[in-house]
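Structure file target-v2.cif; described as mmCIF, C-alpha atoms and all ligand atoms.
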data_model
#
loop_
_atom_site.label_atom_id
_atom_site.label_comp_id
_atom_site.auth_asym_id
_atom_site.auth_seq_id
_atom_site.Cartn_x
_atom_site.Cartn_y
_atom_site.Cartn_z
CA MET A 1 0.00 0.00 0.00
CA PRO A 2 1.35 3.45 -0.80
CA GLU A 3 2.65 5.26 2.27
CA LEU A 4 3.57 8.90 2.84
CA PRO A 5 6.77 8.74 0.71
CA ASP A 6 4.93 7.11 -2.21
CA VAL A 7 2.13 9.66 -2.10
CA GLU A 8 4.47 12.64 -1.68
CA ALA A 9 6.67 11.40 -4.55
CA MET A 10 3.50 11.10 -6.65
CA ARG A 11 2.41 14.61 -5.65
CA ARG A 12 5.78 16.05 -6.69
CA HIS A 13 5.58 14.15 -9.95
CA LEU A 14 2.10 15.55 -10.68
CA VAL A 15 3.25 19.07 -9.83
CA GLY A 16 6.20 18.49 -12.19
CA CYS A 17 3.68 17.53 -14.91
CA GLY A 18 2.32 21.07 -14.65
CA LEU A 19 -1.04 20.08 -13.17
CA GLN A 20 -1.36 23.20 -11.01
CA GLY A 21 -3.18 25.90 -12.97
CA ARG A 22 -4.81 23.43 -15.36
CA THR A 23 -8.61 23.14 -15.60
CA PHE A 24 -10.66 19.94 -15.52
CA THR A 25 -12.89 19.97 -18.61
CA GLY A 26 -14.72 16.78 -17.69
CA ALA A 27 -14.72 13.62 -15.60
CA ILE A 28 -15.26 10.17 -17.07
CA ILE A 29 -16.26 7.78 -14.32
CA LEU A 30 -15.97 4.13 -15.34
CA TRP A 31 -15.89 2.82 -11.76
CA PRO A 32 -18.51 4.85 -9.84
CA ARG A 33 -17.92 3.03 -6.55
CA ALA A 34 -14.65 4.95 -6.17
CA ILE A 35 -16.66 8.17 -5.72
CA LYS A 36 -17.44 8.50 -2.02
CA THR A 37 -19.12 11.89 -2.09
CA PRO A 38 -21.11 13.66 -3.52
CA PRO A 39 -23.46 11.55 -5.70
CA LEU A 40 -21.93 10.76 -9.09
CA GLU A 41 -23.79 13.40 -11.12
CA ASP A 42 -22.92 16.16 -8.64
CA PHE A 43 -19.32 14.98 -8.57
CA VAL A 44 -18.96 15.25 -12.36
CA LEU A 45 -20.76 18.61 -12.53
CA GLY A 46 -18.86 19.91 -9.53
CA ILE A 47 -15.43 19.19 -10.96
CA THR A 48 -16.06 20.24 -14.56
CA ASP A 49 -14.53 23.62 -15.52
CA ARG A 50 -12.76 23.94 -12.17
CA ARG A 51 -9.11 25.02 -12.16
CA ILE A 52 -6.56 23.25 -9.95
CA GLU A 53 -5.13 25.96 -7.71
CA GLU A 54 -2.86 23.81 -5.62
CA LEU A 55 -1.84 20.20 -5.25
CA ASP A 56 -1.19 19.26 -1.65
CA ARG A 57 -0.91 16.18 0.55
CA ARG A 58 -2.03 15.21 4.02
CA ALA A 59 -0.97 11.77 5.33
CA LYS A 60 -1.70 9.37 2.44
CA PHE A 61 -4.28 11.66 0.81
CA LEU A 62 -3.69 13.80 -2.29
CA LEU A 63 -5.55 17.11 -2.15
CA PHE A 64 -6.41 19.07 -5.28
CA ARG A 65 -7.61 22.49 -4.13
CA LEU A 66 -9.94 23.91 -6.78
CA ASP A 67 -10.68 27.53 -7.69
CA ASP A 68 -14.18 27.46 -6.16
CA GLY A 69 -12.86 26.45 -2.74
CA GLN A 70 -13.77 22.79 -3.11
CA SER A 71 -11.17 20.01 -2.96
CA LEU A 72 -10.82 16.82 -4.93
CA ILE A 73 -9.33 14.33 -2.47
CA VAL A 74 -7.75 11.09 -3.69
CA HIS A 75 -6.68 8.04 -1.69
CA LEU A 76 -4.71 5.54 -3.78
CA ARG A 77 -5.27 2.66 -1.32
CA MET A 78 -3.48 -0.58 -2.30
CA THR A 79 -2.72 -0.29 -6.01
CA GLY A 80 -3.85 3.12 -7.26
CA SER A 81 -1.72 5.54 -9.22
CA LEU A 82 -2.32 8.74 -11.15
CA LEU A 83 -0.91 9.32 -14.61
CA VAL A 84 -0.93 12.49 -16.70
CA GLU A 85 -0.93 11.52 -20.37
CA PRO A 86 -1.93 13.04 -23.70
CA ALA A 87 -5.56 12.19 -24.56
CA PHE A 88 -4.44 10.53 -27.82
CA GLU A 89 -2.33 7.97 -25.98
CA PRO A 90 -4.10 4.68 -25.23
CA ARG A 91 -5.25 4.42 -21.64
CA HIS A 92 -3.90 1.75 -19.32
CA PRO A 93 -6.48 -1.10 -19.34
CA MET A 94 -6.99 -0.67 -15.62
CA THR A 95 -7.85 3.03 -15.82
CA ARG A 96 -10.96 3.24 -13.63
CA ASN A 97 -11.70 6.95 -13.88
CA TYR A 98 -10.13 9.88 -15.70
CA PHE A 99 -10.34 13.61 -15.96
CA THR A 100 -9.88 15.58 -19.16
CA LEU A 101 -7.71 18.69 -18.91
CA ASP A 102 -7.76 21.97 -20.84
CA ASP A 103 -4.35 21.30 -22.42
CA GLY A 104 -5.25 18.11 -24.29
CA ARG A 105 -4.00 15.77 -21.58
CA GLU A 106 -5.85 13.55 -19.12
CA LEU A 107 -5.36 12.79 -15.44
CA ARG A 108 -5.90 9.03 -15.29
CA PHE A 109 -6.62 7.03 -12.18
CA VAL A 110 -5.23 3.54 -12.76
CA ASP A 111 -6.25 1.09 -10.05
CA PRO A 112 -6.02 -2.68 -10.67
CA ARG A 113 -7.75 -3.65 -7.42
CA LYS A 114 -10.44 -0.95 -7.60
CA LEU A 115 -9.95 0.09 -3.97
CA GLY A 116 -9.00 3.74 -4.54
CA MET A 117 -11.33 6.47 -3.30
CA LEU A 118 -12.27 9.96 -4.49
CA TRP A 119 -14.15 12.73 -2.75
CA LEU A 120 -15.22 16.23 -3.82
CA VAL A 121 -15.79 18.31 -0.71
CA GLU A 122 -16.08 21.91 0.49
CA ASP A 123 -14.42 21.06 3.79
CA GLN A 124 -11.32 18.83 3.68
CA GLY A 125 -11.84 18.08 7.36
CA GLN A 126 -14.84 15.96 6.40
CA VAL A 127 -12.39 13.38 4.99
CA LEU A 128 -9.22 14.15 6.96
CA LYS A 129 -10.67 14.29 10.46
CA GLY A 130 -8.94 12.22 13.10
CA LEU A 131 -5.49 12.25 11.48
CA GLY A 132 -2.51 12.63 13.79
CA PRO A 133 0.47 14.95 13.31
CA GLU A 134 2.11 15.23 9.89
CA PRO A 135 5.64 13.87 10.47
CA LEU A 136 7.56 16.17 8.10
CA GLU A 137 5.94 19.38 9.36
CA PRO A 138 8.03 21.53 11.74
CA SER A 139 5.26 21.23 14.34
CA PHE A 140 6.08 17.52 14.72
CA THR A 141 8.67 17.33 17.51
CA PRO A 142 9.99 14.62 19.87
CA GLN A 143 7.64 16.05 22.52
CA VAL A 144 4.62 15.66 20.23
CA LEU A 145 5.59 12.03 19.54
CA MET A 146 6.09 11.41 23.25
CA GLU A 147 2.57 12.72 23.96
CA GLN A 148 1.09 10.50 21.26
CA LEU A 149 2.64 7.38 22.81
CA LYS A 150 1.98 8.20 26.44
CA GLY A 151 0.17 5.42 28.29
CA ARG A 152 -0.37 3.35 25.14
CA LYS A 153 -0.18 -0.36 26.03
CA VAL A 154 0.00 -1.31 22.36
CA PRO A 155 2.99 -2.60 20.31
CA ILE A 156 4.93 0.33 18.88
CA LYS A 157 4.65 -1.20 15.40
CA ALA A 158 0.86 -0.92 15.57
CA LEU A 159 1.06 2.62 16.99
CA LEU A 160 3.33 3.80 14.18
CA CYS A 161 0.83 2.46 11.62
CA ASP A 162 -2.10 4.13 13.42
CA GLN A 163 -2.98 7.25 11.38
CA ALA A 164 -4.23 8.99 14.53
CA VAL A 165 -0.82 8.60 16.23
CA VAL A 166 1.39 9.75 13.33
CA ALA A 167 -0.11 10.33 9.88
CA GLY A 168 1.18 8.67 6.73
CA ILE A 169 3.29 5.77 8.00
CA GLY A 170 2.33 2.21 7.03
CA ASN A 171 3.65 -1.31 7.33
CA ILE A 172 6.90 -1.01 5.37
CA TYR A 173 8.19 2.32 6.69
CA ALA A 174 7.20 1.44 10.27
CA ASP A 175 9.56 -1.55 9.99
CA GLU A 176 12.31 0.65 8.52
CA ILE A 177 11.88 3.22 11.31
CA LEU A 178 11.99 0.61 14.09
CA PHE A 179 15.06 -1.04 12.59
CA ALA A 180 16.87 2.30 12.34
CA SER A 181 15.94 3.05 15.96
CA ALA A 182 16.96 -0.44 17.20
CA ILE A 183 13.54 -0.93 18.82
CA ASP A 184 11.71 -4.27 19.11
CA PRO A 185 8.42 -3.83 17.21
CA LEU A 186 6.47 -5.56 20.00
CA THR A 187 7.54 -3.08 22.72
CA HIS A 188 4.55 -1.15 24.01
CA GLY A 189 4.53 2.57 23.29
CA ALA A 190 4.16 3.33 27.00
CA ASP A 191 7.32 1.33 27.84
CA LEU A 192 9.71 3.20 25.54
CA ALA A 193 12.44 5.21 27.22
CA HIS A 194 12.75 8.91 26.49
CA SER A 195 15.97 8.25 24.54
CA GLN A 196 14.26 5.59 22.43
CA VAL A 197 11.43 7.93 21.49
CA GLU A 198 13.95 10.61 20.51
CA ARG A 199 15.85 8.10 18.38
CA MET A 200 12.61 6.99 16.76
CA TYR A 201 11.60 10.59 16.10
CA ARG A 202 14.85 11.21 14.23
CA ALA A 203 14.42 7.96 12.28
CA ILE A 204 10.87 8.93 11.25
CA VAL A 205 11.99 12.28 9.86
CA VAL A 206 15.18 11.05 8.17
CA ILE A 207 13.75 7.86 6.67
CA LEU A 208 10.59 9.44 5.28
CA ALA A 209 12.49 12.38 3.77
CA GLN A 210 15.10 10.08 2.22
CA ALA A 211 12.43 7.74 0.86
CA ILE A 212 10.71 10.62 -0.93
CA GLU A 213 14.02 11.47 -2.64
CA ASN A 214 14.60 7.80 -3.56
CA LEU A 215 11.11 7.29 -4.95
CA ALA A 216 10.62 10.53 -6.88
CA PRO A 217 12.40 9.26 -10.02
CA ILE A 218 10.44 5.98 -10.20
CA VAL A 219 6.88 7.27 -9.68
CA PRO A 220 5.81 7.64 -13.32
CA ARG A 221 5.87 3.87 -13.89
CA GLY A 222 2.70 3.46 -11.80
CA GLY A 223 1.84 1.56 -8.59
CA PRO A 224 3.40 2.27 -5.20
CA PRO A 225 7.06 2.97 -6.04
CA THR A 226 8.24 1.47 -2.72
CA GLU A 227 6.96 -1.91 -3.89
CA SER A 228 8.71 -1.77 -7.26
CA PRO A 229 12.02 -3.67 -7.50
CA GLU A 230 13.94 -0.34 -7.42
CA GLY A 231 11.95 0.82 -4.40
CA LEU A 232 12.42 -2.44 -2.49
CA SER A 233 16.16 -2.26 -3.10
CA THR A 234 16.30 1.00 -1.11
CA LEU A 235 14.93 -0.66 2.06
CA LYS A 236 17.19 -1.73 4.92
CA VAL A 237 14.85 -4.46 6.18
CA PRO A 238 14.25 -7.21 3.60
CA ARG A 239 10.53 -7.98 3.12
CA LYS A 240 11.24 -11.69 3.33
CA GLU A 241 11.83 -14.03 6.25
CA SER A 242 15.34 -15.53 6.75
CA GLN A 243 17.06 -12.97 4.51
CA PRO A 244 20.24 -11.67 6.18
CA CYS A 245 19.98 -8.49 8.27
CA SER A 246 21.76 -5.66 6.42
CA GLN A 247 23.57 -4.73 9.64
CA CYS A 248 24.55 -7.98 11.41
CA GLY A 249 23.75 -10.76 8.94
CA ALA A 250 21.37 -12.60 11.31
CA PRO A 251 18.21 -13.95 9.65
CA ILE A 252 15.33 -11.47 9.50
CA GLN A 253 12.26 -12.63 11.40
CA ARG A 254 8.59 -12.16 10.65
CA VAL A 255 5.95 -11.69 13.29
CA PRO A 256 2.31 -10.69 12.79
CA VAL A 257 1.37 -7.50 14.66
CA ARG A 258 -2.36 -6.77 14.53
CA GLY A 259 -2.59 -9.01 11.48
CA ARG A 260 0.22 -7.35 9.53
CA SER A 261 3.56 -8.95 8.69
CA THR A 262 6.33 -7.25 10.59
CA TYR A 263 9.93 -7.90 9.58
CA PHE A 264 12.71 -7.24 12.06
CA CYS A 265 16.13 -8.37 13.32
CA SER A 266 15.89 -9.75 16.85
CA LYS A 267 19.64 -9.20 17.27
CA CYS A 268 19.72 -5.52 16.29
CA GLN A 269 16.30 -4.63 17.72
CA GLY A 270 16.23 -5.73 21.31
ZN ZN A 301 20.68 -7.36 12.67
#

Rendering of file as structure tokens:
Amino acid sequence: MPELPDVEAMRRHLVGCGLQGRTFTGAIILWPRAIKTPPLEDFVLGITDRRIEELDRRAKFLLFRLDDGQSLIVHLRMTGSLLVEPAFEPRHPMTRNYFTLDDGRELRFVDPRKLGMLWLVEDQGQVLKGLGPEPLEPSFTPQVLMEQLKGRKVPIKALLCDQAVVAGIGNIYADEILFASAIDPLTHGADLAHSQVERMYRAIVVILAQAIENLAPIVPRGGPPTESPEGLSTLKVPRKESQPCSQCGAPIQRVPVRGRSTYFCSKCQG
């Protein structure tokens, strides 16, 4: 599933495609179930002839702020990606919905598993409510992280993936962050020492920022770039049991945490 670095790399790619300032001239909805609000007809009417003022991101959501104050919000979920291509180019067979632009191109939502979601709303808070701090914003500090973990008798791996604790982190980058901080993924948030939380804070900021840089060049090929062969090669924790730890060579272990495969080195993370 795309995580913050995938979505931010995609946002930068779309900005690089010159999407800001372009106008949607129509919306062709082939998979209506992706539209969460408003009803389909209102969605299409509401987006048509609206100019994209700004392309932003919050957690794993892409936010297209439109010139009438509304926002088109996109969540890519498991397999979604957005492509900007000339209208004359054949569309990817798994293009579920697409938007025509005033410059002869199209914004195409390709989504093999059909899990992606789109909203058109006046108030972004309607969709974004309940999200925790944005980890690459200056307002996210070690103290903020400490507060978020206080008293939480839940494995830190699950807390890192909880969008209300820190926004944007998912399964893969939580494992990378815990490996870099030498923390056992099963440790409860409440039991972490001050120094461990500070180390984890630094790892969150450094790893997410570095991942965005790594992924930016491989976004246009579609799908979550982290899960492409190039993306996987940038990870420090192999996504496979018994592979050697990149630091000590011991076999990587897999443990389910709240139903999600967690990879870690029991030697380095203790
Ligand atoms: Zn190790």

Selected residue, from A:Leu30, A:Ala250, A:Leu63, A:Leu192, that lies nearest to ligand ZN 301 (chain A) when counting all atoms listed in the file: A:Ala250

Distance query 7 Å from (6.3, 0.7, 17.6) using all atoms listed in the file, result as a VMD selection string: chain A and resid 155 to 160 178 185 to 189

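Nearest residue to Leu83 in chain A among A:Ile28, A:Leu128, A:Val206, A:Val110 is A:Val110, counting all atoms listed in the file.
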
Selection within 9 Å of ligand ZN 301 (chain A) by only C-alpha atoms and all ligand atoms, output as an MDAnalysis selection string: chainID A and resid 179 244:252 264:269

Can those selected residues be exported to a file as a compact mmCIF listing (two decimals), in the frame of the given file so that it contains C-alpha atoms?
# COMPACT_ATOMS: atom_id res chain seq x y z
CA PHE A 179 15.06 -1.04 12.59
CA PRO A 244 20.24 -11.67 6.18
CA CYS A 245 19.98 -8.49 8.27
CA SER A 246 21.76 -5.66 6.42
CA GLN A 247 23.57 -4.73 9.64
CA CYS A 248 24.55 -7.98 11.41
CA GLY A 249 23.75 -10.76 8.94
CA ALA A 250 21.37 -12.60 11.31
CA PRO A 251 18.21 -13.95 9.65
CA ILE A 252 15.33 -11.47 9.50
CA PHE A 264 12.71 -7.24 12.06
CA CYS A 265 16.13 -8.37 13.32
CA SER A 266 15.89 -9.75 16.85
CA LYS A 267 19.64 -9.20 17.27
CA CYS A 268 19.72 -5.52 16.29
CA GLN A 269 16.30 -4.63 17.72

For a quick check of your reading of the model, name the residues lying within 12 Å of the coordinate (13.4, -2.8, 1.6), counting only C-alpha atoms, and write them as a short mmCIF file (atom, residue, chain, number, x, y, z; two decimals) with C-alpha atoms, keeping the file's coordinate frame.
data_model
loop_
_atom_site.label_atom_id
_atom_site.label_comp_id
_atom_site.auth_asym_id
_atom_site.auth_seq_id
_atom_site.Cartn_x
_atom_site.Cartn_y
_atom_site.Cartn_z
CA ASN A 171 3.65 -1.31 7.33
CA ILE A 172 6.90 -1.01 5.37
CA TYR A 173 8.19 2.32 6.69
CA ALA A 174 7.20 1.44 10.27
CA ASP A 175 9.56 -1.55 9.99
CA GLU A 176 12.31 0.65 8.52
CA ILE A 177 11.88 3.22 11.31
CA PHE A 179 15.06 -1.04 12.59
CA ILE A 207 13.75 7.86 6.67
CA ALA A 211 12.43 7.74 0.86
CA ASN A 214 14.60 7.80 -3.56
CA PRO A 225 7.06 2.97 -6.04
CA THR A 226 8.24 1.47 -2.72
CA GLU A 227 6.96 -1.91 -3.89
CA SER A 228 8.71 -1.77 -7.26
CA PRO A 229 12.02 -3.67 -7.50
CA GLU A 230 13.94 -0.34 -7.42
CA GLY A 231 11.95 0.82 -4.40
CA LEU A 232 12.42 -2.44 -2.49
CA SER A 233 16.16 -2.26 -3.10
CA THR A 234 16.30 1.00 -1.11
CA LEU A 235 14.93 -0.66 2.06
CA LYS A 236 17.19 -1.73 4.92
CA VAL A 237 14.85 -4.46 6.18
CA PRO A 238 14.25 -7.21 3.60
CA ARG A 239 10.53 -7.98 3.12
CA LYS A 240 11.24 -11.69 3.33
CA GLN A 243 17.06 -12.97 4.51
CA CYS A 245 19.98 -8.49 8.27
CA SER A 246 21.76 -5.66 6.42
CA ILE A 252 15.33 -11.47 9.50
CA TYR A 263 9.93 -7.90 9.58
CA PHE A 264 12.71 -7.24 12.06
#

Spatial neighbours of range 35-40 of chain A, max dist 7 Å, only C-alpha atoms, sep filter under 2 positions, as a ChimeraX atom specification: /A:32-33,42-44,117-120

For CA of Pro135 in chain A and CA of Glu213 in chain A, the interatomic separation in Å (one decimal):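 Atom-to-atom, CA of Pro135 in chain A and CA of Glu213 in chain A are spaced 15.7 Å apart.
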
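Among A:Arg91, A:His75, A:Arg199, A:Arg22, the residue with the shortest atom-to-atom distance to Gly104 in chain A, counting only C-alpha atoms, is A:Arg22.
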
Straight-line distance linking CA of Glu53 in chain A with CA of Glu137 in chain A, stated in Å to one decimal: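 Distance reported for this atom pair: 21.4 Å.
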
For CA of Phe61 in chain A and CA of Tyr201 in chain A, the interatomic separation in Å (one decimal): 22.1 Å

From A:Ile183, A:Ala34, A:Val144, A:Met78, residue lying nearest Gly270 in chain A [only C-alpha atoms]: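 Among the listed residues, the smallest separation from Gly270 in chain A belongs to A:Ile183.
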
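Among the candidates A:Glu8, A:Glu241, A:Asp191, A:Asp162, the residue lying nearest to Arg258 in chain A is A:Asp162 (atoms considered: only C-alpha atoms).
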
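Distance annotation: of A:Pro2, A:Phe140, A:Arg51, A:Tyr98, the residue with the minimal separation from Gly80 in chain A is A:Pro2; atom set is only C-alpha atoms.
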
Env of Glu198 in chain A: 9 Å cut, atoms = only C-alpha atoms, seq-sep filter 3 positions within chain, self excluded. Answer as a compact mmCIF listing (two decimals) with C-alpha atoms, in the frame of the given file.
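Full text of result11.txt as output:
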# COMPACT_ATOMS: atom_id res chain seq x y z
CA PRO A 142 9.99 14.62 19.87
CA GLN A 143 7.64 16.05 22.52
CA LEU A 145 5.59 12.03 19.54
CA MET A 146 6.09 11.41 23.25
CA ALA A 193 12.44 5.21 27.22
CA HIS A 194 12.75 8.91 26.49
CA SER A 195 15.97 8.25 24.54
CA TYR A 201 11.60 10.59 16.10
CA ARG A 202 14.85 11.21 14.23
CA ALA A 203 14.42 7.96 12.28
